[in-house]
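Here is the file structure.cif (mmCIF, C-alpha atoms and all ligand atoms).
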```
data_my_file
loop_
_atom_site.label_atom_id
_atom_site.label_comp_id
_atom_site.auth_asym_id
_atom_site.auth_seq_id
_atom_site.Cartn_x
_atom_site.Cartn_y
_atom_site.Cartn_z
CA MET A 1 -67.68 76.27 -11.73
CA SER A 2 -65.85 72.97 -12.35
CA THR A 3 -65.69 71.81 -15.90
CA LEU A 4 -63.47 69.30 -17.64
CA THR A 5 -62.50 69.16 -21.30
CA LEU A 6 -60.61 66.35 -23.01
CA HIS A 7 -59.28 67.04 -26.47
CA ASP A 8 -57.89 64.15 -28.54
CA VAL A 9 -56.47 62.53 -25.38
CA ARG A 10 -54.24 59.52 -26.06
CA LYS A 11 -52.32 56.97 -24.01
CA ARG A 12 -49.67 54.64 -25.35
CA TYR A 13 -48.00 51.82 -23.40
CA GLY A 14 -45.07 50.96 -25.67
CA SER A 15 -46.61 50.06 -29.03
CA PHE A 16 -50.09 49.50 -27.54
CA GLU A 17 -52.47 52.44 -27.71
CA ALA A 18 -54.83 52.09 -24.71
CA ILE A 19 -56.65 55.42 -25.34
CA LYS A 20 -57.06 56.32 -29.00
CA GLY A 21 -58.07 59.97 -29.12
CA VAL A 22 -60.88 60.88 -26.72
CA ASP A 23 -62.85 64.15 -26.94
CA LEU A 24 -65.23 64.92 -24.09
CA GLU A 25 -66.89 67.85 -22.30
CA VAL A 26 -68.00 67.46 -18.69
CA ALA A 27 -70.22 70.32 -17.52
CA ASP A 28 -70.30 71.89 -14.07
CA ARG A 29 -72.23 69.71 -11.56
CA GLU A 30 -72.62 66.90 -14.06
CA PHE A 31 -72.50 63.23 -12.95
CA VAL A 32 -70.69 61.49 -15.79
CA VAL A 33 -70.20 57.72 -15.86
CA PHE A 34 -67.50 55.98 -17.93
CA VAL A 35 -68.70 52.49 -18.73
CA GLY A 36 -67.37 49.70 -20.93
CA PRO A 37 -66.05 46.15 -20.85
CA SER A 38 -62.92 45.11 -19.01
CA GLY A 39 -59.78 46.55 -20.59
CA CYS A 40 -61.54 49.28 -22.63
CA GLY A 41 -59.53 52.01 -20.92
CA LYS A 42 -61.95 53.46 -18.31
CA SER A 43 -59.48 53.47 -15.44
CA THR A 44 -56.62 54.67 -17.62
CA LEU A 45 -58.70 57.65 -18.75
CA LEU A 46 -59.73 58.46 -15.18
CA ARG A 47 -56.13 58.18 -13.95
CA MET A 48 -55.00 60.51 -16.74
CA ILE A 49 -57.60 63.07 -15.65
CA ALA A 50 -56.36 62.66 -12.06
CA GLY A 51 -52.77 63.14 -13.18
CA LEU A 52 -51.73 59.71 -11.88
CA GLU A 53 -50.91 58.61 -15.42
CA GLY A 54 -49.02 60.71 -17.98
CA ILE A 55 -50.72 61.46 -21.29
CA SER A 56 -49.16 60.55 -24.65
CA GLY A 57 -51.12 63.10 -26.72
CA GLY A 58 -53.92 65.64 -26.60
CA GLU A 59 -54.96 68.07 -23.92
CA ILE A 60 -56.82 67.98 -20.61
CA GLN A 61 -58.38 71.20 -19.31
CA ILE A 62 -59.94 71.83 -15.91
CA ASP A 63 -61.99 75.03 -15.75
CA GLY A 64 -60.50 75.99 -19.09
CA GLU A 65 -56.86 75.66 -17.89
CA ARG A 66 -54.52 73.16 -19.51
CA VAL A 67 -53.36 70.74 -16.80
CA ASN A 68 -51.29 68.26 -18.84
CA ASP A 69 -48.20 69.16 -16.85
CA VAL A 70 -49.86 69.89 -13.50
CA GLY A 71 -49.17 67.28 -10.79
CA PRO A 72 -52.04 65.25 -9.28
CA SER A 73 -52.11 67.15 -5.98
CA ASP A 74 -52.36 70.51 -7.75
CA ARG A 75 -55.30 69.68 -10.02
CA GLY A 76 -57.90 70.23 -7.29
CA LEU A 77 -59.41 66.79 -7.81
CA ALA A 78 -60.12 63.99 -5.34
CA MET A 79 -60.21 60.33 -6.28
CA VAL A 80 -61.99 57.47 -4.52
CA PHE A 81 -60.58 54.02 -5.26
CA GLN A 82 -62.20 50.60 -5.35
CA SER A 83 -59.71 49.39 -2.74
CA TYR A 84 -60.54 52.34 -0.40
CA ALA A 85 -56.76 52.80 0.21
CA LEU A 86 -57.25 53.70 3.90
CA TYR A 87 -54.29 53.91 6.29
CA PRO A 88 -54.82 50.96 8.68
CA HIS A 89 -53.01 52.52 11.65
CA MET A 90 -55.02 55.76 11.56
CA THR A 91 -58.50 56.36 12.96
CA VAL A 92 -61.39 57.31 10.68
CA ALA A 93 -60.93 60.99 11.63
CA GLU A 94 -57.18 60.83 10.98
CA ASN A 95 -57.72 59.11 7.65
CA MET A 96 -60.20 61.77 6.60
CA GLY A 97 -58.06 64.66 7.81
CA PHE A 98 -54.67 63.42 6.59
CA ALA A 99 -54.61 65.23 3.24
CA LEU A 100 -55.65 68.44 5.00
CA LYS A 101 -52.78 68.02 7.46
CA LEU A 102 -50.36 67.56 4.56
CA ALA A 103 -51.81 70.70 2.98
CA GLY A 104 -50.89 72.59 6.19
CA LEU A 105 -54.39 73.21 7.55
CA GLY A 106 -54.63 73.95 11.30
CA ARG A 107 -56.09 71.42 13.74
CA THR A 108 -59.34 73.30 14.44
CA GLU A 109 -60.15 73.79 10.78
CA ARG A 110 -59.29 70.15 10.05
CA GLU A 111 -61.52 68.86 12.80
CA ALA A 112 -64.41 71.02 11.65
CA LYS A 113 -64.15 69.73 8.09
CA VAL A 114 -63.86 66.10 9.22
CA ARG A 115 -66.84 66.50 11.54
CA ALA A 116 -68.94 68.06 8.76
CA ALA A 117 -68.05 65.29 6.29
CA GLY A 118 -68.65 62.68 9.01
CA GLU A 119 -72.15 64.05 9.46
CA VAL A 120 -72.95 64.02 5.74
CA LEU A 121 -71.81 60.40 5.54
CA GLN A 122 -73.26 59.26 8.88
CA LEU A 123 -69.83 58.42 10.25
CA GLY A 124 -70.14 60.67 13.31
CA ALA A 125 -70.10 57.82 15.83
CA LEU A 126 -67.20 56.01 14.16
CA LEU A 127 -64.59 58.76 13.95
CA GLU A 128 -62.26 57.19 16.53
CA ARG A 129 -62.38 53.65 15.05
CA ARG A 130 -59.69 52.15 12.86
CA PRO A 131 -60.48 50.75 9.38
CA ARG A 132 -60.33 47.10 10.58
CA GLU A 133 -63.20 47.87 12.97
CA LEU A 134 -65.48 48.98 10.12
CA SER A 135 -67.74 47.15 7.64
CA GLY A 136 -67.01 47.35 3.91
CA GLY A 137 -69.71 49.98 3.40
CA GLN A 138 -68.40 52.08 6.27
CA ARG A 139 -64.85 51.90 4.89
CA GLN A 140 -66.11 53.06 1.53
CA ARG A 141 -67.82 55.99 3.24
CA VAL A 142 -64.54 56.94 4.92
CA ALA A 143 -62.82 56.87 1.54
CA ILE A 144 -65.53 59.19 0.18
CA GLY A 145 -65.22 61.37 3.29
CA ARG A 146 -61.53 61.75 2.63
CA ALA A 147 -62.42 63.16 -0.79
CA ILE A 148 -65.19 65.44 0.55
CA VAL A 149 -63.02 67.22 3.14
CA ARG A 150 -60.72 68.41 0.38
CA ASP A 151 -63.61 70.23 -1.27
CA PRO A 152 -62.35 69.23 -4.73
CA LYS A 153 -63.33 70.82 -8.03
CA ILE A 154 -64.17 67.38 -9.38
CA PHE A 155 -64.70 64.00 -7.68
CA LEU A 156 -63.29 60.96 -9.47
CA PHE A 157 -64.58 57.49 -8.55
CA ASP A 158 -62.91 54.30 -9.79
CA GLU A 159 -65.39 51.41 -9.37
CA PRO A 160 -65.99 52.41 -5.73
CA LEU A 161 -68.77 49.89 -5.08
CA SER A 162 -67.21 46.76 -6.61
CA ASN A 163 -66.18 45.27 -3.27
CA LEU A 164 -69.61 45.58 -1.69
CA ASP A 165 -72.40 43.01 -1.67
CA ALA A 166 -75.46 43.53 -3.90
CA ALA A 167 -77.74 45.10 -1.26
CA LEU A 168 -75.05 47.48 -0.03
CA ARG A 169 -74.23 48.51 -3.58
CA VAL A 170 -77.82 49.59 -4.13
CA GLN A 171 -77.79 51.54 -0.85
CA MET A 172 -74.43 53.22 -1.60
CA ARG A 173 -75.64 54.05 -5.10
CA LEU A 174 -78.51 56.02 -3.58
CA GLU A 175 -76.18 57.66 -1.07
CA LEU A 176 -73.80 58.76 -3.80
CA MET A 177 -76.66 60.25 -5.81
CA ARG A 178 -77.87 62.14 -2.73
CA LEU A 179 -74.32 63.30 -2.08
CA HIS A 180 -74.01 64.55 -5.64
CA GLU A 181 -77.18 66.58 -5.17
CA ARG A 182 -76.16 67.89 -1.76
CA LEU A 183 -72.63 68.91 -2.74
CA ALA A 184 -73.68 70.16 -6.20
CA ALA A 185 -70.32 68.79 -7.36
CA THR A 186 -68.97 67.61 -10.69
CA MET A 187 -68.41 63.85 -10.52
CA ILE A 188 -66.83 61.31 -12.86
CA TYR A 189 -67.50 57.70 -12.06
CA VAL A 190 -66.00 54.57 -13.61
CA THR A 191 -67.83 51.25 -13.61
CA HIS A 192 -68.24 48.17 -15.78
CA ASP A 193 -71.76 47.77 -14.38
CA GLN A 194 -74.31 49.14 -16.82
CA THR A 195 -77.02 49.22 -14.13
CA GLU A 196 -74.88 51.60 -12.05
CA ALA A 197 -74.33 53.70 -15.15
CA MET A 198 -78.05 53.77 -16.05
CA THR A 199 -79.21 54.65 -12.54
CA MET A 200 -76.62 57.24 -11.51
CA ALA A 201 -75.49 59.12 -14.61
CA ASP A 202 -76.62 62.44 -16.03
CA LYS A 203 -74.44 61.44 -18.96
CA ILE A 204 -72.95 58.05 -19.87
CA VAL A 205 -69.74 57.68 -21.87
CA VAL A 206 -69.57 54.21 -23.45
CA LEU A 207 -66.00 53.15 -24.18
CA SER A 208 -64.68 50.26 -26.21
CA ALA A 209 -61.05 49.47 -27.01
CA GLY A 210 -59.81 52.96 -26.09
CA ARG A 211 -62.46 54.88 -28.05
CA ILE A 212 -65.75 56.55 -27.18
CA GLU A 213 -68.61 54.67 -28.84
CA GLN A 214 -71.35 57.04 -27.71
CA VAL A 215 -72.09 59.78 -25.19
CA GLY A 216 -75.64 60.47 -24.04
CA THR A 217 -78.19 60.38 -21.26
CA PRO A 218 -79.09 56.87 -20.05
CA LEU A 219 -82.38 56.86 -21.96
CA GLU A 220 -80.83 58.27 -25.15
CA LEU A 221 -78.41 55.35 -25.13
CA TYR A 222 -81.17 52.88 -24.36
CA HIS A 223 -83.59 54.07 -27.03
CA HIS A 224 -81.15 55.37 -29.65
CA PRO A 225 -77.95 53.33 -29.51
CA LYS A 226 -75.62 54.44 -32.30
CA ASN A 227 -74.39 50.95 -33.02
CA LEU A 228 -74.61 47.28 -32.11
CA PHE A 229 -71.91 47.59 -29.45
CA VAL A 230 -73.81 50.23 -27.44
CA ALA A 231 -77.11 48.43 -28.07
CA GLY A 232 -75.63 45.23 -26.62
CA PHE A 233 -73.90 46.88 -23.70
CA ILE A 234 -76.72 49.11 -22.40
CA GLY A 235 -79.80 47.29 -21.11
CA SER A 236 -80.24 44.17 -19.03
CA PRO A 237 -81.12 41.55 -20.13
CA LYS A 238 -79.26 42.34 -23.33
CA MET A 239 -80.91 43.36 -26.59
CA ASN A 240 -81.72 40.33 -28.79
CA THR A 241 -80.23 40.27 -32.27
CA LEU A 242 -81.48 38.30 -35.28
CA GLU A 243 -79.95 38.08 -38.74
CA ALA A 244 -82.27 39.46 -41.42
CA ARG A 245 -82.42 40.55 -45.05
CA VAL A 246 -83.96 43.76 -46.41
CA VAL A 247 -87.05 43.04 -48.56
CA SER A 248 -87.89 46.68 -49.30
CA CYS A 249 -87.09 50.03 -47.75
CA ASP A 250 -87.86 53.73 -47.82
CA ALA A 251 -87.58 56.69 -45.45
CA ALA A 252 -90.62 55.49 -43.47
CA GLY A 253 -89.54 51.94 -42.80
CA VAL A 254 -87.65 48.77 -43.62
CA ARG A 255 -89.39 45.49 -44.43
CA LEU A 256 -87.24 42.62 -43.25
CA ALA A 257 -87.28 38.88 -43.81
CA LEU A 258 -85.91 36.69 -41.02
CA ALA A 259 -84.58 33.20 -41.63
CA GLY A 260 -87.53 30.92 -42.38
CA GLY A 261 -89.36 33.69 -44.26
CA VAL A 262 -91.03 35.55 -41.37
CA GLU A 263 -91.45 39.17 -42.49
CA LEU A 264 -91.92 42.35 -40.44
CA THR A 265 -91.64 46.11 -40.90
CA VAL A 266 -89.53 48.30 -38.63
CA PRO A 267 -90.28 52.06 -38.78
CA VAL A 268 -86.69 53.31 -39.20
CA ASP A 269 -85.17 55.36 -42.01
CA GLY A 270 -84.30 52.82 -44.70
CA ALA A 271 -82.45 55.27 -46.93
CA GLY A 272 -79.09 53.77 -45.96
CA VAL A 273 -79.84 50.18 -47.06
CA ALA A 274 -80.91 48.40 -50.22
CA PRO A 275 -83.20 45.41 -50.93
CA GLY A 276 -81.30 42.14 -50.50
CA GLU A 277 -78.82 43.65 -48.02
CA ALA A 278 -77.96 41.62 -44.89
CA VAL A 279 -78.76 43.48 -41.67
CA THR A 280 -79.29 42.72 -37.98
CA LEU A 281 -82.64 43.20 -36.27
CA GLY A 282 -82.36 44.29 -32.62
CA LEU A 283 -85.25 43.68 -30.22
CA ARG A 284 -85.23 44.50 -26.50
CA PRO A 285 -86.51 41.56 -24.36
CA GLU A 286 -89.60 43.59 -23.37
CA HIS A 287 -90.57 43.89 -27.05
CA LEU A 288 -91.11 40.14 -27.36
CA SER A 289 -94.05 38.37 -25.73
CA LEU A 290 -95.92 35.10 -25.89
CA ILE A 291 -98.97 34.66 -28.11
CA GLU A 292 -101.23 31.72 -28.97
CA VAL A 293 -100.79 31.87 -32.72
CA GLY A 294 -97.91 33.43 -34.64
CA PRO A 295 -95.21 32.64 -37.14
CA LEU A 296 -92.23 32.84 -34.78
CA ALA A 297 -91.99 29.49 -33.00
CA GLY A 298 -89.55 28.27 -30.38
CA THR A 299 -88.94 26.20 -27.27
CA THR A 300 -88.28 27.62 -23.83
CA LEU A 301 -84.88 26.74 -22.37
CA VAL A 302 -85.19 28.33 -18.96
CA ALA A 303 -87.91 30.35 -17.21
CA GLU A 304 -86.74 32.86 -14.59
CA ARG A 305 -89.59 34.11 -12.42
CA LEU A 306 -88.40 37.14 -10.49
CA GLY A 307 -91.80 38.09 -9.08
CA ASN A 308 -92.27 41.42 -10.83
CA VAL A 309 -91.09 40.09 -14.19
CA THR A 310 -90.64 36.75 -15.93
CA VAL A 311 -87.62 36.20 -18.16
CA LEU A 312 -87.83 33.36 -20.68
CA TYR A 313 -84.89 32.10 -22.75
CA VAL A 314 -86.31 30.76 -25.99
CA ASP A 315 -84.58 28.69 -28.68
CA LEU A 316 -86.11 29.79 -31.98
CA ALA A 317 -87.07 27.25 -34.64
CA ILE A 318 -85.35 29.49 -37.22
CA GLY A 319 -82.11 29.35 -35.20
CA GLY A 320 -80.75 31.51 -32.39
CA THR A 321 -81.82 32.12 -28.80
CA VAL A 322 -83.80 35.13 -27.63
CA VAL A 323 -84.65 36.52 -24.21
CA VAL A 324 -88.28 37.47 -23.59
CA GLN A 325 -89.20 39.65 -20.64
CA MET A 326 -92.80 39.97 -19.54
CA PRO A 327 -94.30 41.83 -16.60
CA GLY A 328 -95.59 39.79 -13.66
CA GLY A 329 -95.60 36.03 -13.27
CA ASP A 330 -95.91 33.70 -16.23
CA PRO A 331 -96.59 29.99 -15.79
CA THR A 332 -94.67 28.83 -18.89
CA ALA A 333 -92.32 26.00 -17.96
CA ALA A 334 -88.89 25.18 -19.36
CA HIS A 335 -88.83 22.99 -22.51
CA ALA A 336 -92.32 24.14 -23.58
CA PRO A 337 -93.24 24.98 -27.19
CA VAL A 338 -94.14 28.68 -27.51
CA ARG A 339 -94.94 31.29 -30.13
CA LEU A 340 -93.66 34.83 -29.95
CA ALA A 341 -95.21 38.19 -30.79
CA VAL A 342 -92.75 40.84 -31.92
CA ASP A 343 -93.29 44.57 -31.32
CA ALA A 344 -91.57 45.48 -34.58
CA ALA A 345 -92.39 49.19 -34.09
CA ALA A 346 -89.83 49.22 -31.25
CA GLY A 347 -87.16 47.34 -33.23
CA HIS A 348 -83.70 48.55 -34.22
CA VAL A 349 -81.97 47.78 -37.51
CA PHE A 350 -78.18 47.63 -37.76
CA LYS A 351 -76.19 47.62 -40.99
CA ALA A 352 -73.42 45.09 -41.57
CA ASP A 353 -70.85 47.61 -40.20
CA GLY A 354 -72.81 47.72 -36.92
CA THR A 355 -74.23 51.25 -37.29
CA THR A 356 -77.89 51.88 -36.51
CA LEU A 357 -80.44 53.06 -39.06
CA PRO A 358 -81.89 56.32 -37.64
CA ARG A 359 -85.44 56.41 -36.36
P1 LIG A 401 -61.23 47.03 -15.98
O1 LIG A 401 -62.71 47.23 -16.03
O2 LIG A 401 -60.85 45.61 -16.16
O3 LIG A 401 -60.58 47.70 -14.82
P2 LIG A 401 -60.47 49.22 -17.75
O4 LIG A 401 -61.47 49.55 -18.78
O5 LIG A 401 -60.39 50.10 -16.57
O6 LIG A 401 -60.63 47.71 -17.33
P3 LIG A 401 -57.70 49.89 -18.11
O7 LIG A 401 -57.24 49.41 -16.78
O8 LIG A 401 -57.84 51.35 -18.30
O9 LIG A 401 -59.07 49.18 -18.51
O10 LIG A 401 -56.73 49.30 -19.22
C1 LIG A 401 -56.87 49.62 -20.60
C2 LIG A 401 -55.87 48.83 -21.41
O11 LIG A 401 -54.55 49.30 -21.14
C3 LIG A 401 -55.86 47.34 -21.08
O12 LIG A 401 -55.70 46.64 -22.28
C4 LIG A 401 -54.66 47.19 -20.18
O13 LIG A 401 -54.10 45.91 -20.33
C5 LIG A 401 -53.72 48.25 -20.70
N1 LIG A 401 -52.85 48.79 -19.62
C6 LIG A 401 -53.23 49.39 -18.50
N2 LIG A 401 -52.17 49.77 -17.76
C7 LIG A 401 -51.07 49.36 -18.45
C8 LIG A 401 -49.65 49.46 -18.22
N3 LIG A 401 -49.16 50.06 -17.13
N4 LIG A 401 -48.86 48.94 -19.16
C9 LIG A 401 -49.33 48.36 -20.28
N5 LIG A 401 -50.64 48.24 -20.55
C10 LIG A 401 -51.50 48.74 -19.66
#
```

Please rewrite the model in this file as C-alpha cells.
Amino acid sequence: MSTLTLHDVRKRYGSFEAIKGVDLEVADREFVVFVGPSGCGKSTLLRMIAGLEGISGGEIQIDGERVNDVGPSDRGLAMVFQSYALYPHMTVAENMGFALKLAGLGRTEREAKVRAAGEVLQLGALLERRPRELSGGQRQRVAIGRAIVRDPKIFLFDEPLSNLDAALRVQMRLELMRLHERLAATMIYVTHDQTEAMTMADKIVVLSAGRIEQVGTPLELYHHPKNLFVAGFIGSPKMNTLEARVVSCDAAGVRLALAGGVELTVPVDGAGVAPGEAVTLGLRPEHLSLIEVGPLAGTTLVAERLGNVTVLYVDLAIGGTVVVQMPGGDPTAAHAPVRLAVDAAAGHVFKADGTTLPR
C-alpha cells in the first residue's frame, strides 16, 4: 500500500504564498497528474512531497505517517526530473545503481536490480554506455530506471517529457502508462501539458495560483468543469466563451440571449441565476458546426485541415472569435462568410464569479 495525504499544505517564500492550503488524497496505485499554468505551484508542491522543499504549514502523510520532518532519502519516494540529472562520467548501469550503492546494497543484488529495470525499459544493450552516447529518450529512460531500482513507495515525475520532441513524447507517454500498469505503483506526475494530463491520469489535479481548482477524472473535468478556469484549461482547442444575458431560467434550463439577440436554451440548473443577469456561455469547439441557414453569422479567419478533423477560426458578426471543430475534411476557405449551428444542449453556463451552473 502506498498512499499520500496532504492536509492544508502551505508554502511561503518570504511574503509570497506559493501554495495556499492544499488538501489531497492519492490512493494506492493511482496515477495522479498535477496540471496548471506556469507558476501555479505544481513543482513546488511535488518538491514538498519529495522533501526537497520545506513546508510552511499543514501536514504531509505517506501511508498514514506524518513525514513533515522526514528527510527526502527516508521518505521512500523516487523523483524523475525534466533535466534527467544523470552523472555524465558514469555508465548507464552505474547511474541506475548509484543510489543502491549509497544505500549499502551488495554488488550482486545491485546488478540484478539494474538488469531487471534495464529489461523493463529496453536499456539492456546500453548499460555500458555513458549519457552523452544516448538519445534524449534513452536518457529519460535511464532517469526512470534509476527511480525503478529503488522500488519506491511513490514515483514523482516533474515534467519528465518536456525535453523530448513531439513523436517521442507520445511514445514515452505510452511507455509510462505501461510501466504504471506493470509496476502497479502510485505515481504523481507534474506537467503543464493538458494533453499529457488527459491521456495519462486516473485523476487530474488542476492548480491555479497555489490553490486546487478541481480534482477529478479526465472526463469529469472535461464534461463537468467547476468553473471557467478549469473549462478553459482542460480541452484542446480551448472551450469557446460568449457573453450572454439570462432571459428566463428554472431548474430544467436557462434561456440565454447573446449579443445581437440570438437566443438559445441550455439544459443546466438555472436556480442560481436570475433574468437579466450577465453570464458566460461555454461551448466546446466540437459543439459548433457549419450550417446553410442560421442566425449566428461570421467570417472564417483561418482553416486548419488536420486530415481527421478541420478546425475553423471564425470571427462572429456579434463580436468575438470562436473555434469550430468538425470531423473529417471541410472545404471552407479562409475569409469566407459562414453560419454556425450551436449544440446548445452541450453548452455550459458560468456565473459572473466564474462558477458553473450544475447540469
Ligand atoms: P512551471 O510550470 O513554470 O514550472 P510551476 O507551476 O511548477 O511552474 P513553481 O515552480 O512551483 O510553479 O512556482 C510557484 C511559484 O512560486 C512561482 O510564482 C514561483 O515564482 C515561486 N517560487 C518558486 N520557487 C521560489 C523560491 N525559491 N523563492 C521565491 N519564489 C519561488

Exercise. Give the answer as one residue: which of A:Asp151, A:Glu59, A:Asp193, A:Asp28 has the shortest atom-to-atom distance to ligand LIG 401 (chain A), using all atoms listed in the file?
Key: A:Asp193

Quiz item: Got a sec: who's within 12 Å of Pro331 in chain A, counting all atoms listed in the file, leaving out chain neighbours fewer than 2 positions off, as JSON, numbers by chain?
Solution: {"A": [290, 300, 302, 303, 304, 305, 307, 309, 310, 311, 312, 326, 328, 329, 333, 334, 336]}

Per residue of chain A within 7 Å of ligand LIG 401 (chain A), record the nearest atom pair and its distance in Å to one decimal, counting all atoms listed in the file, with rows in chain order and ascending residue number, as a tab-separated table.
```
residue	atom	partner	partner_atom	distance
A:Tyr13	CA	A:LIG401	C9	4.8
A:Ala18	CA	A:LIG401	O11	4.5
A:Gly36	CA	A:LIG401	O4	6.3
A:Pro37	CA	A:LIG401	O1	6.0
A:Ser38	CA	A:LIG401	O2	3.6
A:Gly39	CA	A:LIG401	O9	3.4
A:Cys40	CA	A:LIG401	O4	3.9
A:Gly41	CA	A:LIG401	O8	3.2
A:Lys42	CA	A:LIG401	O4	4.0
A:Ser43	CA	A:LIG401	O5	3.7
A:Thr44	CA	A:LIG401	O8	3.6
A:Leu45	CA	A:LIG401	O8	6.4
A:Thr191	CA	A:LIG401	O1	6.9
A:His192	CA	A:LIG401	O1	5.6
```

Check which residues of range 81-116 of chain A sit at most 8 Å from range 138-145 of chain A using all atoms listed in the file, and return one row each with the closest pair of atoms and their distance in Å to one decimal, ordered by chain and rising number, as JSON lines.
```
{"residue": "A:Phe81", "atom": "CA", "partner": "A:Ala143", "partner_atom": "CA", "distance": 7.7}
{"residue": "A:Tyr84", "atom": "CA", "partner": "A:Ala143", "partner_atom": "CA", "distance": 5.4}
{"residue": "A:Ala85", "atom": "CA", "partner": "A:Ala143", "partner_atom": "CA", "distance": 7.4}
{"residue": "A:Leu86", "atom": "CA", "partner": "A:Ala143", "partner_atom": "CA", "distance": 6.8}
{"residue": "A:Val92", "atom": "CA", "partner": "A:Val142", "partner_atom": "CA", "distance": 6.6}
{"residue": "A:Asn95", "atom": "CA", "partner": "A:Val142", "partner_atom": "CA", "distance": 7.7}
{"residue": "A:Met96", "atom": "CA", "partner": "A:Gly145", "partner_atom": "CA", "distance": 6.0}
{"residue": "A:Val114", "atom": "CA", "partner": "A:Gly145", "partner_atom": "CA", "distance": 7.7}
```

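Comparing the minimum interatomic distances between Val149 in chain A and each of A:Asp202, A:Glu175, A:Glu111, A:Glu181, counting all atoms listed in the file, we find that A:Glu111 sits nearest.
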
Practice problem: Find the residue from A:Gly124, A:Gly104, A:Gly347, A:Gly319 that sits nearest to Gly260 in chain A; use all atoms listed in the file when measuring. | Solution: A:Gly319

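Here CA of Tyr222 in chain A stands at a distance of 24.6 Å from CA of Gly21 in chain A.
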
Self-check item: Nearby residues, (-56.8, 59.3, -2.1) file frame, 7 Å, all atoms listed in the file, as a PyMOL selection string
Solution: chain A and resi 78-80+85+147

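Distance-wise, CA of Gly97 in chain A and CA of Met172 in chain A end up 22.1 Å apart.
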
Quiz item: So how far away is CA of Glu196 in chain A from CA of Leu121 in chain A, in Å?
Solution: 19.9 Å

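Considering only C-alpha atoms, the residue among A:Met48, A:Ala209, A:Val268, A:Ala184 positioned nearest to Glu17 in chain A is A:Ala209.
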
From the block you just saw, export range 315-355 of chain A: C-alpha atoms, as a short mmCIF file (atom, residue, chain, number, x, y, z; two decimals), in the first residue's frame.
```
data_model
loop_
_atom_site.label_atom_id
_atom_site.label_comp_id
_atom_site.auth_asym_id
_atom_site.auth_seq_id
_atom_site.Cartn_x
_atom_site.Cartn_y
_atom_site.Cartn_z
CA ASP A 315 -14.95 35.94 -36.35
CA LEU A 316 -18.57 36.34 -35.27
CA ALA A 317 -20.71 39.21 -36.57
CA ILE A 318 -21.89 39.78 -32.98
CA GLY A 319 -18.26 40.16 -31.84
CA GLY A 320 -15.69 37.65 -30.61
CA THR A 321 -13.85 34.76 -32.25
CA VAL A 322 -14.82 31.12 -31.88
CA VAL A 323 -13.11 27.87 -32.80
CA VAL A 324 -15.19 25.28 -34.65
CA GLN A 325 -14.01 21.69 -34.87
CA MET A 326 -15.61 19.30 -37.32
CA PRO A 327 -14.75 15.70 -38.13
CA GLY A 328 -13.07 14.96 -41.46
CA GLY A 329 -12.11 17.42 -44.18
CA ASP A 330 -14.07 20.58 -44.81
CA PRO A 331 -13.52 22.68 -47.93
CA THR A 332 -14.35 26.05 -46.32
CA ALA A 333 -11.62 28.56 -47.13
CA ALA A 334 -10.27 31.40 -45.01
CA HIS A 335 -12.15 34.74 -45.25
CA ALA A 336 -15.43 33.01 -46.23
CA PRO A 337 -18.83 34.02 -44.84
CA VAL A 338 -20.32 31.17 -42.76
CA ARG A 339 -23.24 30.44 -40.47
CA LEU A 340 -22.91 28.36 -37.34
CA ALA A 341 -25.14 25.78 -35.69
CA VAL A 342 -24.85 25.58 -31.93
CA ASP A 343 -25.43 22.36 -29.96
CA ALA A 344 -26.87 24.27 -27.00
CA ALA A 345 -27.71 21.00 -25.18
CA ALA A 346 -23.96 20.51 -24.66
CA GLY A 347 -23.34 24.10 -23.52
CA HIS A 348 -22.03 25.28 -20.15
CA VAL A 349 -23.18 28.40 -18.33
CA PHE A 350 -20.87 30.29 -15.97
CA LYS A 351 -21.95 32.94 -13.49
CA ALA A 352 -20.11 36.26 -13.26
CA ASP A 353 -17.89 34.82 -10.47
CA GLY A 354 -16.76 32.07 -12.88
CA THR A 355 -18.59 29.15 -11.23
#
```
